[in-house]
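Input: a single structure, listed below in structure tokens.
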Amino acid sequence: MLSFAFAAAFVPANGQQDTPYQEEHRPQLHFSPAEGWMNDPNGMVYFDGEYHLFYQYYPYATVWGPMHWGHAVSKDLVHWEHLPIALYPDKHGLIFSGSAVIDWKNTSGFGDGTTPPMIAIFTYHNMIGERTGRQDFQTQGIAYSNDKGRSWTVYEGNPVLPNQGVRDFRDPKVIWHEASGQWVMILAAKNRIQIFNSPNLKEWTFASEFGKDAAPQLGVWECPDLFPLTAEGSTEEKWVMIVSHGGGGPNGGSCTRYFVGDFDGQVFTSDYPVEQVNWLDYGKDNYAGVTWSDIDAADGRRIFLGWMSNWQYATKVPTGSWRSAMTLARTLELASTPTGFKLLSKPVAELTKLRGEHIELKETTIAGKEEIEMADAAKVELDLTFDLENSDSKSFGVELSNAKGEHIRISFDPASSLLIVDRSNAGKMAFSSEFPGLHYIPYGIDMKGGLTELRNSMKWQLYFDNSSLELFVDDGAIVVTDIFFPTENFDRIHLFAFDGAAKLKGGKAYQLNGIW
Ligand code: FRU
């Protein structure tokens with residue numbers, strides 16, 4: 001895994017190899033590295049008109065290797081510009097996941113007197129320590145930039161947070177806690193979250209732990225996040241904690257869940273037991289996602305992005321010179337429901353910029369298959385509203401397919417109240433036995449409005465790219481992200497209803513323009 005054997009093959013001068021971004025399976029709507037291996041999004045921070053996206057990056061191969069922080073920026077969360085690699089492994093170790101903040105008050109003293117410094121806070125993974133059987137080989141370090149993230153200085157006092165002997169001690173997310181006037185770091189410590197405080201980002205004091213009594217039903221804790229949100233129509237500020245887990249997802253493998261509760265700057269208390277799992281995404285391909293720091297107060301959004309893969313097969317997916325893409329950026333909102341606060345994920349409004357020609361889908365009854373004729377079915381947004389009350393089909397939904405009979409199908413089965421994504425015949429799958437199959441998503445328990453029985457229609461907002469789908473149900477109450485690899489791009493879209501008819505109240509099908 002940690003071989004440098006590929007080092008000579010490709011040395012990226014600027015993080016971007018000359019590629020037209022038109023290779024087989026290359027996402028056209030999503031961020032992917034020009035070449036090499038990518039996993040988690042890191043250091044997401046907004047500053048001076050730019051959304052920064054750093055990411056776990058191994059430039060010398062398409063499998064995981066010694067981690068760097070790759071870097072890209074966007075002015076609109078949709079189009080990306082590649083920048084040189086920001087952080088390289090150093091004497092303390094590889095650069096694992098972490099976050100970035102703007103130190104507005106220059107508490108760190110790293111500022112140059114003109115602009116507030118951008119500070120990256122990340123995990124050092126010391127390979128020698130790991131190989132020699134130590135437990136304390138993951139520590140936290142910081143680096144700073146005074147030129148909008150273009151160049152970085154690693155702090156000579158690193159590590160700023162040593163390890164007390166916890167094997168998995170990583171992925172710091174740092175926030176400024178306004179009410180208590182201090183920095184807060186939350187990180188994943190094996191099977192729990194640990195919280196630390198600091199006045200200056202250099203000296204950290206242990207504050208509390210969260211989740212340590214949880215039954216170990218899910219894999220190792222990774223990549224946490226913590227932020228405040230207020231539900232529409234409420235005045236109560238709540239705190240949302242996001243945690244990714246190395247296994248045990250709703251459809252297998254890597255997964256991400258969230259808690260809603262309260263936070264006083266030191267201690268997080270969840271509104272519900274740690275055993276109760278709220279999935280941030282029901283698909284298999286949204287991992288290690290966190291949110292942007294320092295979004296302008298005037299904007300006020302909480303914007304999320306995840307890694308669109310799953311450790312079960314991430315290193316084996318059949319892409320060429322690069323591996324993995326990120327999800328679309330999503331706005332997270334809180335909804336107050338009869339069963340407590342729920343997190344909603346919605347595609348960011350900026351994505352509407354990609355819309356080209358569209359087809360108006362009139363109210364209609366579907367029985368069998370109806371084609372939606374798009375010029376390019378591999379770059380499409382579908383917004384559909386189904387009439388649940390007046391549908392008696394046992395299975396209805398959307399199918400993408402090609403002339404080879406490969407297809408990906410998203411359906412709703414009213415009898416079981418399940419949404420189902422079927423990628424069991426979606427093209428290339430032999431690379432992993434964990435890849436093909438049906439993904440089941442319970443419709444109802446997570447609904448914005450409470451119980452399914454109360455609802456008479458269901459809204460789907462669907463984004464299809466060459467090799468991925470993202471489904472947002474009922475304004476983001478349920479999200480499903482799944483990747484696929486047809487041997488020929490899908491070029492047809494059908495609405496279908498089997499065993500009866502389904503009523504479509506209406507909708508739109510947008511051709512989308514690619515981002516590269
Ligand atoms: C999550 C993760 C993190 C770690 C990084 C290493 O995917 O395992 O916990 O920091 O990837 O690349």
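Residues in the structure tokens are named by chain (A, B, ... in the order shown) and by number from 1 within that chain; ligands are numbered from 1 in the order shown.
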
- Within 12 Å of stretch 278-280 of chain A, counting only C-alpha atoms, which residues qualify if same-chain residues fewer than 2 places away don't, as a PyMOL selection string? chain A and resi 240-245+248-251+254-260+270-276+282-290+304-306+330+332-333+339-346+441-442+445-447+472+476-481

- Item | Contact residues around stretch 115-131 of chain A with only C-alpha atoms at 8 Å, ignoring same-chain residues under 3 positions, as an MDAnalysis selection string | chainID A and resid 43 92:106 110:112 134:146 148:149 159 170:174

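Between A:Ala367 and the residues A:Trp176, A:Phe263, A:Phe498, A:Tyr21, the shortest atom-to-atom distance, using only C-alpha atoms, involves A:Phe498.
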
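With distances taken over only C-alpha atoms and all ligand atoms, A:Lys190 is the one residue among A:Lys362, A:His82, A:Lys202, A:Lys190 lying closest to ligand 1.
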
- Message: Residues within 7 Å of A:Ser293, please, as an NGL selection string. Count only C-alpha atoms; anything in the same chain fewer than 3 positions from it doesn't count.
- Response: :A and (44-46 or 101)

Selection above as a file: N, CA, C and O atoms, as a PDB file, in the first residue's frame:
ATOM      1  N   MET A  44     -11.866  22.353   4.049  1.00  0.00           N
ATOM      2  CA  MET A  44     -12.801  23.171   3.271  1.00  0.00           C
ATOM      3  C   MET A  44     -13.044  24.493   4.007  1.00  0.00           C
ATOM      4  O   MET A  44     -13.529  24.519   5.135  1.00  0.00           O
ATOM      5  N   VAL A  45     -12.678  25.578   3.342  1.00  0.00           N
ATOM      6  CA  VAL A  45     -12.803  26.896   3.969  1.00  0.00           C
ATOM      7  C   VAL A  45     -13.085  27.913   2.867  1.00  0.00           C
ATOM      8  O   VAL A  45     -12.603  27.766   1.732  1.00  0.00           O
ATOM      9  N   TYR A  46     -13.890  28.913   3.197  1.00  0.00           N
ATOM     10  CA  TYR A  46     -14.222  29.970   2.236  1.00  0.00           C
ATOM     11  C   TYR A  46     -13.450  31.214   2.622  1.00  0.00           C
ATOM     12  O   TYR A  46     -13.419  31.605   3.788  1.00  0.00           O
ATOM     13  N   VAL A 101      -9.266  26.859   8.873  1.00  0.00           N
ATOM     14  CA  VAL A 101     -10.059  27.995   9.357  1.00  0.00           C
ATOM     15  C   VAL A 101      -9.348  29.281   8.968  1.00  0.00           C
ATOM     16  O   VAL A 101      -8.151  29.283   8.676  1.00  0.00           O
TER      17      VAL A 101
END

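The space between atom CA of A:Phe206 and atom CA of A:Glu156 spans 22.0 Å.
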